[in-house]
$ cat entry02.tsv   # TSV, C-alpha atoms
chain	number	residue	atom	x	y	z
A	1	MET	CA	-8.61	-0.57	-33.69
A	2	THR	CA	-7.94	0.98	-30.29
A	3	SER	CA	-6.55	-1.43	-27.68
A	4	ILE	CA	-8.29	-2.16	-24.38
A	5	GLN	CA	-5.48	-0.36	-22.54
A	6	GLU	CA	-5.63	2.77	-24.69
A	7	ARG	CA	-9.42	2.91	-24.42
A	8	LEU	CA	-10.00	2.07	-20.74
A	9	TYR	CA	-6.86	3.38	-18.97
A	10	PRO	CA	-4.80	5.56	-21.34
A	11	ALA	CA	-3.17	7.65	-18.58
A	12	LEU	CA	-1.88	4.67	-16.55
A	13	PRO	CA	1.93	4.72	-16.08
A	14	CYS	CA	2.22	0.93	-15.51
A	15	PHE	CA	5.48	-0.47	-16.95
A	16	GLY	CA	3.76	-3.37	-18.73
A	17	CYS	CA	0.48	-2.00	-20.02
A	18	GLY	CA	0.48	1.72	-19.38
A	19	HIS	CA	0.54	3.90	-22.43
A	20	ALA	CA	1.54	6.90	-20.29
A	21	ASN	CA	4.93	5.28	-19.62
A	22	PRO	CA	7.30	6.13	-22.51
A	23	LYS	CA	9.84	3.55	-21.28
A	24	GLY	CA	7.27	0.79	-20.71
A	25	LEU	CA	6.17	-2.17	-22.81
A	26	ARG	CA	2.84	-0.56	-23.75
A	27	LEU	CA	0.96	-3.79	-24.38
A	28	ARG	CA	-2.02	-3.60	-26.70
A	29	SER	CA	-4.71	-6.21	-26.05
A	30	TYR	CA	-7.89	-6.78	-28.07
A	31	PRO	CA	-11.10	-8.77	-27.63
A	32	ALA	CA	-11.09	-11.78	-29.96
A	33	GLY	CA	-14.60	-13.13	-29.33
A	34	ASP	CA	-15.93	-15.86	-27.04
A	35	GLY	CA	-14.31	-14.17	-24.02
A	36	LEU	CA	-10.77	-14.46	-25.40
A	37	VAL	CA	-8.47	-11.44	-25.24
A	38	THR	CA	-5.32	-11.53	-27.39
A	39	ALA	CA	-2.17	-9.47	-27.85
A	40	ALA	CA	1.07	-9.65	-29.77
A	41	PHE	CA	4.34	-8.84	-28.00
A	42	THR	CA	7.80	-8.53	-29.51
A	43	PRO	CA	10.61	-8.73	-26.94
A	44	TRP	CA	13.46	-6.24	-26.93
A	45	PRO	CA	17.14	-7.28	-26.87
A	46	GLU	CA	17.26	-5.92	-23.28
A	47	HIS	CA	14.78	-8.66	-22.25
A	48	ASP	CA	17.48	-11.35	-22.55
A	49	ASN	CA	17.63	-13.89	-19.71
A	50	GLY	CA	21.39	-14.20	-20.20
A	51	LEU	CA	21.01	-17.34	-22.33
A	52	GLY	CA	19.41	-15.79	-25.42
A	53	PHE	CA	15.79	-16.34	-24.42
A	54	LEU	CA	13.05	-14.11	-23.00
A	55	ASN	CA	13.60	-13.22	-19.33
A	56	GLY	CA	11.18	-14.82	-16.86
A	57	GLY	CA	10.43	-11.52	-15.15
A	58	ILE	CA	9.36	-9.97	-18.44
A	59	ILE	CA	7.21	-13.03	-19.15
A	60	CYS	CA	5.59	-12.61	-15.74
A	61	THR	CA	5.00	-8.91	-16.42
A	62	VAL	CA	3.31	-9.44	-19.78
A	63	LEU	CA	1.15	-12.26	-18.39
A	64	ASP	CA	0.06	-10.05	-15.48
A	65	CYS	CA	-0.58	-6.97	-17.62
A	66	HIS	CA	-2.35	-8.89	-20.37
A	67	SER	CA	-4.64	-10.52	-17.80
A	68	ALA	CA	-5.41	-6.96	-16.62
A	69	ALA	CA	-6.88	-6.16	-20.03
A	70	ALA	CA	-9.23	-9.16	-19.77
A	71	VAL	CA	-10.26	-8.12	-16.25
A	72	MET	CA	-10.84	-4.46	-17.09
A	73	LEU	CA	-12.87	-5.42	-20.16
A	74	GLU	CA	-14.99	-7.79	-18.05
A	75	ALA	CA	-15.46	-5.10	-15.40
A	76	GLU	CA	-16.56	-2.60	-18.04
A	77	THR	CA	-19.01	-5.11	-19.53
A	78	ARG	CA	-20.55	-5.73	-16.10
A	79	GLY	CA	-20.61	-2.05	-15.12
A	80	TRP	CA	-18.05	-2.40	-12.32
A	81	GLU	CA	-16.43	1.01	-12.65
A	82	PRO	CA	-13.40	2.12	-10.61
A	83	LEU	CA	-14.32	3.28	-7.11
A	84	GLY	CA	-13.55	6.79	-5.92
A	85	ASP	CA	-10.67	8.30	-7.83
A	86	ALA	CA	-8.99	4.96	-8.58
A	87	ALA	CA	-7.48	4.52	-12.06
A	88	LEU	CA	-8.49	0.83	-12.16
A	89	SER	CA	-11.37	-1.29	-10.88
A	90	TYR	CA	-9.14	-4.23	-9.87
A	91	VAL	CA	-5.53	-4.95	-8.86
A	92	THR	CA	-3.45	-8.10	-9.03
A	93	ALA	CA	-3.77	-10.14	-5.83
A	94	GLY	CA	-1.85	-13.18	-7.04
A	95	LEU	CA	-0.12	-14.61	-10.08
A	96	ASP	CA	0.79	-18.30	-10.29
A	97	VAL	CA	3.19	-18.57	-13.26
A	98	ARG	CA	4.40	-21.82	-14.82
A	99	TYR	CA	7.29	-21.70	-17.29
A	100	LEU	CA	6.87	-24.61	-19.68
A	101	ARG	CA	9.55	-24.12	-22.35
A	102	PRO	CA	11.94	-21.36	-23.47
A	103	SER	CA	10.42	-18.30	-25.13
A	104	PRO	CA	12.16	-16.62	-28.06
A	105	LEU	CA	13.94	-13.32	-27.54
A	106	THR	CA	13.70	-12.08	-31.12
A	107	ASP	CA	10.29	-13.27	-32.38
A	108	GLN	CA	6.81	-11.93	-31.72
A	109	VAL	CA	4.79	-14.02	-29.25
A	110	GLU	CA	1.05	-14.19	-28.70
A	111	LEU	CA	-0.69	-13.57	-25.39
A	112	ARG	CA	-4.09	-15.12	-24.65
A	113	ALA	CA	-6.35	-14.47	-21.67
A	114	THR	CA	-9.78	-15.66	-20.59
A	115	VAL	CA	-11.70	-14.70	-17.45
A	116	ARG	CA	-12.52	-18.02	-15.79
A	117	GLU	CA	-14.53	-16.65	-12.82
A	118	ALA	CA	-15.90	-13.18	-12.21
A	119	SER	CA	-17.62	-11.54	-9.28
A	120	GLU	CA	-17.54	-7.93	-8.24
A	121	ALA	CA	-15.18	-8.87	-5.39
A	122	GLN	CA	-12.62	-10.75	-7.50
A	123	MET	CA	-11.80	-12.33	-10.84
A	124	THR	CA	-9.66	-15.27	-11.91
A	125	VAL	CA	-7.99	-15.23	-15.33
A	126	ASP	CA	-6.19	-17.94	-17.30
A	127	VAL	CA	-3.41	-16.34	-19.35
A	128	SER	CA	-0.71	-17.79	-21.59
A	129	LEU	CA	2.26	-16.86	-23.78
A	130	VAL	CA	2.34	-18.83	-27.06
A	131	TRP	CA	4.97	-19.07	-29.77
A	132	ASP	CA	5.23	-21.44	-32.72
A	133	GLY	CA	1.90	-23.03	-31.76
A	134	LYS	CA	3.15	-24.07	-28.30
A	135	THR	CA	2.42	-22.61	-24.90
A	136	ARG	CA	5.69	-21.33	-23.46
A	137	ALA	CA	4.34	-20.01	-20.15
A	138	GLU	CA	0.95	-19.89	-18.49
A	139	ALA	CA	-0.49	-18.36	-15.37
A	140	THR	CA	-3.55	-18.10	-13.23
A	141	ALA	CA	-4.09	-14.49	-12.19
A	142	LEU	CA	-6.23	-13.47	-9.23
A	143	TRP	CA	-7.59	-9.93	-9.31
A	144	LYS	CA	-9.36	-8.23	-6.40
A	145	ARG	CA	-11.61	-5.20	-6.39
A	146	TRP	CA	-9.55	-2.07	-5.69
A	147	ARG	CA	-10.98	-0.01	-2.88
A	148	PRO	CA	-8.99	3.23	-2.51
A	149	ARG	CA	-7.82	4.04	1.00
A	150	PRO	CA	-6.29	7.22	2.39
A	151	ALA	CA	-2.49	7.31	2.37
A	152	ALA	CA	-0.77	6.46	5.66
A	153	GLY	CA	-0.69	9.38	8.05
A	154	VAL	CA	-3.58	11.18	6.36
$ encode --input "entry02.tsv" --output "structure tokens"
Amino acid sequence: MTSIQERLYPALPCFGCGHANPKGLRLRSYPAGDGLVTAAFTPWPEHDNGLGFLNGGIICTVLDCHSAAAVMLEAETRGWEPLGDAALSYVTAGLDVRYLRPSPLTDQVELRATVREASEAQMTVDVSLVWDGKTRAEATALWKRWRPRPAAGV
């Protein structure tokens, strides 16, 4: 099955979810029914927080980028295509992350995301990182409609 990222934005160079970035994480997220989007992520040894657990910045990245898959899928379902020549319909406007317990550095973790509220102007997503049946980190992601603007000085 083709992931949401590979289907909707295959040329994106984003470090977390872009499949056009050979050095990136290249997340692969999939619809799981009832509005849930899931992904599996296996950390690399380089993602060590210095204490043998998954680094908080990497956790934040995968939560952000996995929530993107839920948002882009919702936007596609509702017909909210990217505007102008934009690669994406929405961009992250805020991410409130809560670290609840250590996350393993060597085991695969599960990512779960659900769009809580959606309008064409913005979406709110609940996203979590789960391992061994326990939520290790969770976030509320706010996404706003991306409206391309000319570069400064143009």
$ closest_atom_pairs --input "entry02.tsv" --of "segment 45-146 of chain A" --to "segment 31-40 of chain A" --cutoff "8 Å" --atoms "only C-alpha atoms" --output "JSON lines"
{"residue": "A:His66", "atom": "CA", "partner": "A:Ala39", "partner_atom": "CA", "distance": 7.5}
{"residue": "A:Ala69", "atom": "CA", "partner": "A:Val37", "partner_atom": "CA", "distance": 7.6}
{"residue": "A:Ala70", "atom": "CA", "partner": "A:Val37", "partner_atom": "CA", "distance": 6.0}
{"residue": "A:Gln108", "atom": "CA", "partner": "A:Ala40", "partner_atom": "CA", "distance": 6.5}
{"residue": "A:Val109", "atom": "CA", "partner": "A:Ala40", "partner_atom": "CA", "distance": 5.8}
{"residue": "A:Glu110", "atom": "CA", "partner": "A:Ala40", "partner_atom": "CA", "distance": 4.7}
{"residue": "A:Leu111", "atom": "CA", "partner": "A:Ala39", "partner_atom": "CA", "distance": 5.0}
{"residue": "A:Arg112", "atom": "CA", "partner": "A:Thr38", "partner_atom": "CA", "distance": 4.7}
{"residue": "A:Ala113", "atom": "CA", "partner": "A:Val37", "partner_atom": "CA", "distance": 5.1}
{"residue": "A:Thr114", "atom": "CA", "partner": "A:Leu36", "partner_atom": "CA", "distance": 5.1}
{"residue": "A:Val115", "atom": "CA", "partner": "A:Gly35", "partner_atom": "CA", "distance": 7.1}
$ residues_near_point --input "entry02.tsv" --point "(-1.3, -4.2, -22.8)" --cutoff "10 Å" --atoms "all atoms listed in the file" --output "PyMOL selection string"
chain A and resi 3-6+14-19+25-30+38-41+62-70+111
$ closest_residue --input "entry02.tsv" --among "A:Arg101, A:Lys134, A:Met123, A:Ser128" --to "Met72 of chain A" --atoms "all atoms listed in the file"
A:Met123
$ atom_distance --input "entry02.tsv" --atom1 "atom CA of Asp126 of chain A" --atom2 "atom CA of Pro13 of chain A"
24.1 Å
$ atom_distance --input "entry02.tsv" --atom1 "atom CA of Pro104 of chain A" --atom2 "atom CA of Cys60 of chain A"
14.5 Å
$ axis_aligned_box --input "entry02.tsv" --around "segment 20-24 of chain A" --padding-each-side "4 Å" --output "AutoDock Vina command-line options"
--center_x 5.7 --center_y 3.8 --center_z -21.1 --size_x 16.3 --size_y 14.1 --size_z 10.9
$ residues_around --input "entry02.tsv" --residues "Glu138 of chain A" --least-positions-apart "3" --cutoff "6 Å" --atoms "only C-alpha atoms" --output "mmCIF file with C-alpha atoms, in the frame of the given file"
data_model
loop_
_atom_site.group_PDB
_atom_site.id
_atom_site.type_symbol
_atom_site.label_atom_id
_atom_site.label_comp_id
_atom_site.auth_asym_id
_atom_site.auth_seq_id
_atom_site.Cartn_x
_atom_site.Cartn_y
_atom_site.Cartn_z
ATOM 1 C CA VAL A 97 3.190 -18.570 -13.260
ATOM 2 C CA ARG A 98 4.400 -21.820 -14.820
ATOM 3 C CA VAL A 127 -3.410 -16.340 -19.350
ATOM 4 C CA SER A 128 -0.710 -17.790 -21.590
#
$ closest_residue --input "entry02.tsv" --among "A:Phe53, A:Trp146, A:Tyr9, A:Trp131" --to "Pro102 of chain A" --atoms "only C-alpha atoms"
A:Phe53
$ closest_residue --input "entry02.tsv" --among "A:Asp48, A:Asp107, A:Glu117, A:Glu81" --to "Val130 of chain A" --atoms "only C-alpha atoms"
A:Asp107
$ atom_distance --input "entry02.tsv" --atom1 "atom CA of Ala118 of chain A" --atom2 "atom CA of Thr61 of chain A"
21.7 Å
$ residues_around --input "entry02.tsv" --residues "Gly94 of chain A" --least-positions-apart "3" --cutoff "8 Å" --atoms "only C-alpha atoms" --output "ChimeraX atom specification"
/A:141-143
$ closest_residue --input "entry02.tsv" --among "A:Ala139, A:Leu88, A:Ile58, A:Leu51" --to "Ala11 of chain A" --atoms "all atoms listed in the file"
A:Leu88
$ closest_residue --input "entry02.tsv" --among "A:Thr135, A:Thr140, A:Thr42, A:Gln122" --to "Val91 of chain A" --atoms "only C-alpha atoms"
A:Gln122
$ closest_residue --input "entry02.tsv" --among "A:Met1, A:Glu46, A:Pro148, A:Tyr99" --to "Gly84 of chain A" --atoms "only C-alpha atoms"
A:Pro148
$ decode --input "entry02.tsv" --residues "segment 73-94 of chain A" --atoms "N, CA and C atoms" --output "mmCIF file, in the first residue's frame"
data_model
loop_
_atom_site.group_PDB
_atom_site.id
_atom_site.type_symbol
_atom_site.label_atom_id
_atom_site.label_comp_id
_atom_site.auth_asym_id
_atom_site.auth_seq_id
_atom_site.Cartn_x
_atom_site.Cartn_y
_atom_site.Cartn_z
ATOM 1 N N LEU A 73 -4.556 14.288 4.298
ATOM 2 C CA LEU A 73 -5.601 13.340 3.916
ATOM 3 C C LEU A 73 -6.980 13.978 4.084
ATOM 4 N N GLU A 74 -7.186 14.673 5.191
ATOM 5 C CA GLU A 74 -8.456 15.375 5.435
ATOM 6 C C GLU A 74 -8.700 16.439 4.363
ATOM 7 N N ALA A 75 -7.648 17.200 4.035
ATOM 8 C CA ALA A 75 -7.778 18.235 3.010
ATOM 9 C C ALA A 75 -8.145 17.623 1.661
ATOM 10 N N GLU A 76 -7.515 16.498 1.328
ATOM 11 C CA GLU A 76 -7.848 15.833 0.062
ATOM 12 C C GLU A 76 -9.305 15.372 0.058
ATOM 13 N N THR A 77 -9.741 14.779 1.161
ATOM 14 C CA THR A 77 -11.111 14.286 1.272
ATOM 15 C C THR A 77 -12.125 15.416 1.083
ATOM 16 N N ARG A 78 -11.797 16.592 1.607
ATOM 17 C CA ARG A 78 -12.716 17.735 1.528
ATOM 18 C C ARG A 78 -12.525 18.592 0.277
ATOM 19 N N GLY A 79 -11.542 18.232 -0.551
ATOM 20 C CA GLY A 79 -11.299 18.982 -1.776
ATOM 21 C C GLY A 79 -10.556 20.284 -1.582
ATOM 22 N N TRP A 80 -9.801 20.418 -0.505
ATOM 23 C CA TRP A 80 -9.040 21.621 -0.214
ATOM 24 C C TRP A 80 -7.628 21.448 -0.756
ATOM 25 N N GLU A 81 -7.486 21.642 -2.039
ATOM 26 C CA GLU A 81 -6.210 21.458 -2.732
ATOM 27 C C GLU A 81 -5.235 22.575 -2.376
ATOM 28 N N PRO A 82 -3.929 22.341 -2.588
ATOM 29 C CA PRO A 82 -2.953 23.423 -2.386
ATOM 30 C C PRO A 82 -3.290 24.616 -3.273
ATOM 31 N N LEU A 83 -3.016 25.804 -2.771
ATOM 32 C CA LEU A 83 -3.286 27.033 -3.511
ATOM 33 C C LEU A 83 -2.054 27.437 -4.329
ATOM 34 N N GLY A 84 -2.280 27.993 -5.480
ATOM 35 C CA GLY A 84 -1.171 28.434 -6.322
ATOM 36 C C GLY A 84 -0.238 27.284 -6.637
ATOM 37 N N ASP A 85 1.045 27.529 -6.463
ATOM 38 C CA ASP A 85 2.037 26.497 -6.738
ATOM 39 C C ASP A 85 2.575 25.861 -5.449
ATOM 40 N N ALA A 86 1.816 25.986 -4.366
ATOM 41 C CA ALA A 86 2.249 25.431 -3.080
ATOM 42 C C ALA A 86 2.301 23.907 -3.139
ATOM 43 N N ALA A 87 3.279 23.326 -2.442
ATOM 44 C CA ALA A 87 3.409 21.863 -2.381
ATOM 45 C C ALA A 87 2.389 21.253 -1.419
ATOM 46 N N LEU A 88 1.946 22.035 -0.431
ATOM 47 C CA LEU A 88 1.022 21.543 0.596
ATOM 48 C C LEU A 88 -0.136 22.512 0.783
ATOM 49 N N SER A 89 -1.260 21.986 1.251
ATOM 50 C CA SER A 89 -2.441 22.814 1.518
ATOM 51 C C SER A 89 -2.351 23.543 2.850
ATOM 52 N N TYR A 90 -1.604 22.974 3.796
ATOM 53 C CA TYR A 90 -1.542 23.495 5.167
ATOM 54 C C TYR A 90 -0.107 23.445 5.664
ATOM 55 N N VAL A 91 0.201 24.292 6.659
ATOM 56 C CA VAL A 91 1.504 24.279 7.327
ATOM 57 C C VAL A 91 1.277 24.300 8.830
ATOM 58 N N THR A 92 2.249 23.794 9.562
ATOM 59 C CA THR A 92 2.166 23.778 11.017
ATOM 60 C C THR A 92 2.168 25.206 11.550
ATOM 61 N N ALA A 93 1.190 25.525 12.391
ATOM 62 C CA ALA A 93 1.123 26.837 13.032
ATOM 63 C C ALA A 93 1.425 26.732 14.519
ATOM 64 N N GLY A 94 1.355 25.529 15.062
ATOM 65 C CA GLY A 94 1.661 25.324 16.467
ATOM 66 C C GLY A 94 1.696 23.843 16.787
#
